[in-house]
Amino acid sequence: DSERSNITALHLYTGASLHQMNLDEYEKESSEPVKNEAQRLGKQVQFIFRNSGDLDADILQEANSKIYDLLLIGIGQSILEGSRLGLRC
């Protein structure tokens with residue numbers, strides 16, 4: 001039922017990819033488009049923004065930890081290419 005769907009946006013970053021001073025600003029900038037679209041659609045979105053030492057494992061763990069209707073996964077760069085989660089295009 002789309003009226004009761006749960007949407008979670010997962011944005012992972014590596015410790016080396018962000019300077020601590022820019023972290024709050026980057027989180028706000030990266031979540032804003034998703035939050036704005038959710039508001040336009042009248043949907044609630046849970047936004048998870050966190051550091052990852054192992055992107056593959058963290059994505060799989062999050063995807064398997066809960067029952068999701070939709071899990072959006074955001075990355076800054078194409079870091080999944082060549083991994084077990086990525087495809088070469």
# chains A, B, ... in the order shown; residues from 1 in each chain; ligands from 1

call {"tool": "residues_around", "arguments": {"residues": "A:Gln46", "least_positions_apart": "6", "cutoff": "8 Å", "atoms": "only C-alpha atoms", "output": "list in words"}}
result
Ile7, Thr8 and Ala9 of chain A

call {"tool": "closest_residue", "arguments": {"among": "A:Leu10, A:Ser5, A:Phe47, A:Ser31", "to": "A:Ala63", "atoms": "only C-alpha atoms"}}
result
A:Leu10

call {"tool": "atom_distance", "arguments": {"atom1": "atom CA of A:Pro33", "atom2": "atom CA of A:Leu72"}}
result
12.4 Å

call {"tool": "decode", "arguments": {"residues": "stretch 58-71 of chain A", "atoms": "all heavy atoms", "output": "PDB file, in the first residue's frame"}}
result
ATOM      1  N   ASP A  58      28.212  -2.790   4.865  1.00  0.00           N
ATOM      2  CA  ASP A  58      27.258  -1.897   5.536  1.00  0.00           C
ATOM      3  C   ASP A  58      25.948  -1.779   4.765  1.00  0.00           C
ATOM      4  O   ASP A  58      24.874  -1.722   5.364  1.00  0.00           O
ATOM      5  CB  ASP A  58      27.878  -0.523   5.759  1.00  0.00           C
ATOM      6  CG  ASP A  58      28.949  -0.537   6.834  1.00  0.00           C
ATOM      7  OD1 ASP A  58      28.981  -1.495   7.638  1.00  0.00           O
ATOM      8  OD2 ASP A  58      29.759   0.403   6.864  1.00  0.00           O
ATOM      9  N   ILE A  59      26.016  -1.755   3.438  1.00  0.00           N
ATOM     10  CA  ILE A  59      24.794  -1.714   2.632  1.00  0.00           C
ATOM     11  C   ILE A  59      24.000  -2.997   2.821  1.00  0.00           C
ATOM     12  O   ILE A  59      22.790  -2.966   3.053  1.00  0.00           O
ATOM     13  CB  ILE A  59      25.116  -1.475   1.146  1.00  0.00           C
ATOM     14  CG1 ILE A  59      25.635  -0.050   0.940  1.00  0.00           C
ATOM     15  CG2 ILE A  59      23.883  -1.730   0.278  1.00  0.00           C
ATOM     16  CD1 ILE A  59      26.236   0.193  -0.426  1.00  0.00           C
ATOM     17  N   LEU A  60      24.686  -4.120   2.724  1.00  0.00           N
ATOM     18  CA  LEU A  60      24.001  -5.407   2.905  1.00  0.00           C
ATOM     19  C   LEU A  60      23.411  -5.547   4.306  1.00  0.00           C
ATOM     20  O   LEU A  60      22.288  -6.018   4.468  1.00  0.00           O
ATOM     21  CB  LEU A  60      24.962  -6.558   2.617  1.00  0.00           C
ATOM     22  CG  LEU A  60      25.352  -6.724   1.150  1.00  0.00           C
ATOM     23  CD1 LEU A  60      26.460  -7.749   1.012  1.00  0.00           C
ATOM     24  CD2 LEU A  60      24.148  -7.107   0.313  1.00  0.00           C
ATOM     25  N   GLN A  61      24.170  -5.119   5.311  1.00  0.00           N
ATOM     26  CA  GLN A  61      23.673  -5.216   6.686  1.00  0.00           C
ATOM     27  C   GLN A  61      22.417  -4.361   6.870  1.00  0.00           C
ATOM     28  O   GLN A  61      21.433  -4.814   7.444  1.00  0.00           O
ATOM     29  CB  GLN A  61      24.743  -4.787   7.685  1.00  0.00           C
ATOM     30  CG  GLN A  61      24.289  -5.018   9.112  1.00  0.00           C
ATOM     31  CD  GLN A  61      24.678  -3.909  10.060  1.00  0.00           C
ATOM     32  OE1 GLN A  61      25.280  -2.922   9.668  1.00  0.00           O
ATOM     33  NE2 GLN A  61      24.299  -4.073  11.292  1.00  0.00           N
ATOM     34  N   GLU A  62      22.441  -3.138   6.365  1.00  0.00           N
ATOM     35  CA  GLU A  62      21.276  -2.259   6.508  1.00  0.00           C
ATOM     36  C   GLU A  62      20.083  -2.808   5.733  1.00  0.00           C
ATOM     37  O   GLU A  62      18.963  -2.828   6.228  1.00  0.00           O
ATOM     38  CB  GLU A  62      21.603  -0.846   6.034  1.00  0.00           C
ATOM     39  CG  GLU A  62      20.494   0.150   6.279  1.00  0.00           C
ATOM     40  CD  GLU A  62      20.171   0.342   7.759  1.00  0.00           C
ATOM     41  OE1 GLU A  62      21.089   0.355   8.591  1.00  0.00           O
ATOM     42  OE2 GLU A  62      18.968   0.495   8.077  1.00  0.00           O
ATOM     43  N   ALA A  63      20.313  -3.274   4.510  1.00  0.00           N
ATOM     44  CA  ALA A  63      19.221  -3.808   3.695  1.00  0.00           C
ATOM     45  C   ALA A  63      18.581  -5.034   4.335  1.00  0.00           C
ATOM     46  O   ALA A  63      17.374  -5.248   4.210  1.00  0.00           O
ATOM     47  CB  ALA A  63      19.730  -4.156   2.305  1.00  0.00           C
ATOM     48  N   ASN A  64      19.371  -5.827   5.032  1.00  0.00           N
ATOM     49  CA  ASN A  64      18.861  -7.051   5.664  1.00  0.00           C
ATOM     50  C   ASN A  64      18.409  -6.861   7.105  1.00  0.00           C
ATOM     51  O   ASN A  64      17.815  -7.769   7.684  1.00  0.00           O
ATOM     52  CB  ASN A  64      19.928  -8.145   5.612  1.00  0.00           C
ATOM     53  CG  ASN A  64      20.162  -8.635   4.209  1.00  0.00           C
ATOM     54  OD1 ASN A  64      19.231  -8.792   3.436  1.00  0.00           O
ATOM     55  ND2 ASN A  64      21.417  -8.856   3.855  1.00  0.00           N
ATOM     56  N   SER A  65      18.651  -5.686   7.690  1.00  0.00           N
ATOM     57  CA  SER A  65      18.348  -5.485   9.107  1.00  0.00           C
ATOM     58  C   SER A  65      16.885  -5.145   9.376  1.00  0.00           C
ATOM     59  O   SER A  65      16.410  -5.317  10.491  1.00  0.00           O
ATOM     60  CB  SER A  65      19.236  -4.390   9.690  1.00  0.00           C
ATOM     61  OG  SER A  65      18.882  -3.126   9.157  1.00  0.00           O
ATOM     62  N   LYS A  66      16.180  -4.648   8.368  1.00  0.00           N
ATOM     63  CA  LYS A  66      14.787  -4.227   8.540  1.00  0.00           C
ATOM     64  C   LYS A  66      13.999  -4.623   7.302  1.00  0.00           C
ATOM     65  O   LYS A  66      14.555  -4.979   6.279  1.00  0.00           O
ATOM     66  CB  LYS A  66      14.711  -2.717   8.731  1.00  0.00           C
ATOM     67  CG  LYS A  66      15.437  -2.235   9.963  1.00  0.00           C
ATOM     68  CD  LYS A  66      15.340  -0.745  10.091  1.00  0.00           C
ATOM     69  CE  LYS A  66      16.151  -0.318  11.297  1.00  0.00           C
ATOM     70  NZ  LYS A  66      16.966   0.837  11.050  1.00  0.00           N
ATOM     71  N   ILE A  67      12.711  -4.505   7.400  1.00  0.00           N
ATOM     72  CA  ILE A  67      11.854  -4.728   6.233  1.00  0.00           C
ATOM     73  C   ILE A  67      11.601  -3.359   5.609  1.00  0.00           C
ATOM     74  O   ILE A  67      10.958  -2.506   6.210  1.00  0.00           O
ATOM     75  CB  ILE A  67      10.533  -5.403   6.638  1.00  0.00           C
ATOM     76  CG1 ILE A  67      10.813  -6.772   7.232  1.00  0.00           C
ATOM     77  CG2 ILE A  67       9.596  -5.510   5.435  1.00  0.00           C
ATOM     78  CD1 ILE A  67       9.599  -7.452   7.821  1.00  0.00           C
ATOM     79  N   TYR A  68      12.135  -3.173   4.422  1.00  0.00           N
ATOM     80  CA  TYR A  68      12.003  -1.896   3.731  1.00  0.00           C
ATOM     81  C   TYR A  68      11.031  -2.020   2.571  1.00  0.00           C
ATOM     82  O   TYR A  68      11.036  -3.016   1.856  1.00  0.00           O
ATOM     83  CB  TYR A  68      13.358  -1.451   3.163  1.00  0.00           C
ATOM     84  CG  TYR A  68      14.329  -0.960   4.205  1.00  0.00           C
ATOM     85  CD1 TYR A  68      15.439  -1.716   4.551  1.00  0.00           C
ATOM     86  CD2 TYR A  68      14.135   0.253   4.831  1.00  0.00           C
ATOM     87  CE1 TYR A  68      16.336  -1.253   5.507  1.00  0.00           C
ATOM     88  CE2 TYR A  68      15.022   0.716   5.785  1.00  0.00           C
ATOM     89  CZ  TYR A  68      16.122  -0.044   6.113  1.00  0.00           C
ATOM     90  OH  TYR A  68      17.005   0.406   7.048  1.00  0.00           O
ATOM     91  N   ASP A  69      10.215  -0.980   2.392  1.00  0.00           N
ATOM     92  CA  ASP A  69       9.439  -0.847   1.174  1.00  0.00           C
ATOM     93  C   ASP A  69      10.334  -0.284   0.080  1.00  0.00           C
ATOM     94  O   ASP A  69      10.259  -0.688  -1.068  1.00  0.00           O
ATOM     95  CB  ASP A  69       8.241   0.085   1.385  1.00  0.00           C
ATOM     96  CG  ASP A  69       7.246  -0.480   2.377  1.00  0.00           C
ATOM     97  OD1 ASP A  69       6.977  -1.694   2.316  1.00  0.00           O
ATOM     98  OD2 ASP A  69       6.750   0.281   3.225  1.00  0.00           O
ATOM     99  N   LEU A  70      11.187   0.673   0.464  1.00  0.00           N
ATOM    100  CA  LEU A  70      12.131   1.268  -0.470  1.00  0.00           C
ATOM    101  C   LEU A  70      13.337   1.740   0.325  1.00  0.00           C
ATOM    102  O   LEU A  70      13.202   2.449   1.312  1.00  0.00           O
ATOM    103  CB  LEU A  70      11.498   2.461  -1.205  1.00  0.00           C
ATOM    104  CG  LEU A  70      12.394   3.238  -2.164  1.00  0.00           C
ATOM    105  CD1 LEU A  70      12.883   2.348  -3.302  1.00  0.00           C
ATOM    106  CD2 LEU A  70      11.650   4.437  -2.722  1.00  0.00           C
ATOM    107  N   LEU A  71      14.510   1.338  -0.099  1.00  0.00           N
ATOM    108  CA  LEU A  71      15.763   1.785   0.500  1.00  0.00           C
ATOM    109  C   LEU A  71      16.565   2.470  -0.593  1.00  0.00           C
ATOM    110  O   LEU A  71      16.992   1.835  -1.552  1.00  0.00           O
ATOM    111  CB  LEU A  71      16.548   0.603   1.076  1.00  0.00           C
ATOM    112  CG  LEU A  71      17.930   0.924   1.660  1.00  0.00           C
ATOM    113  CD1 LEU A  71      17.814   1.876   2.847  1.00  0.00           C
ATOM    114  CD2 LEU A  71      18.647  -0.358   2.065  1.00  0.00           C
TER     115      LEU A  71
END
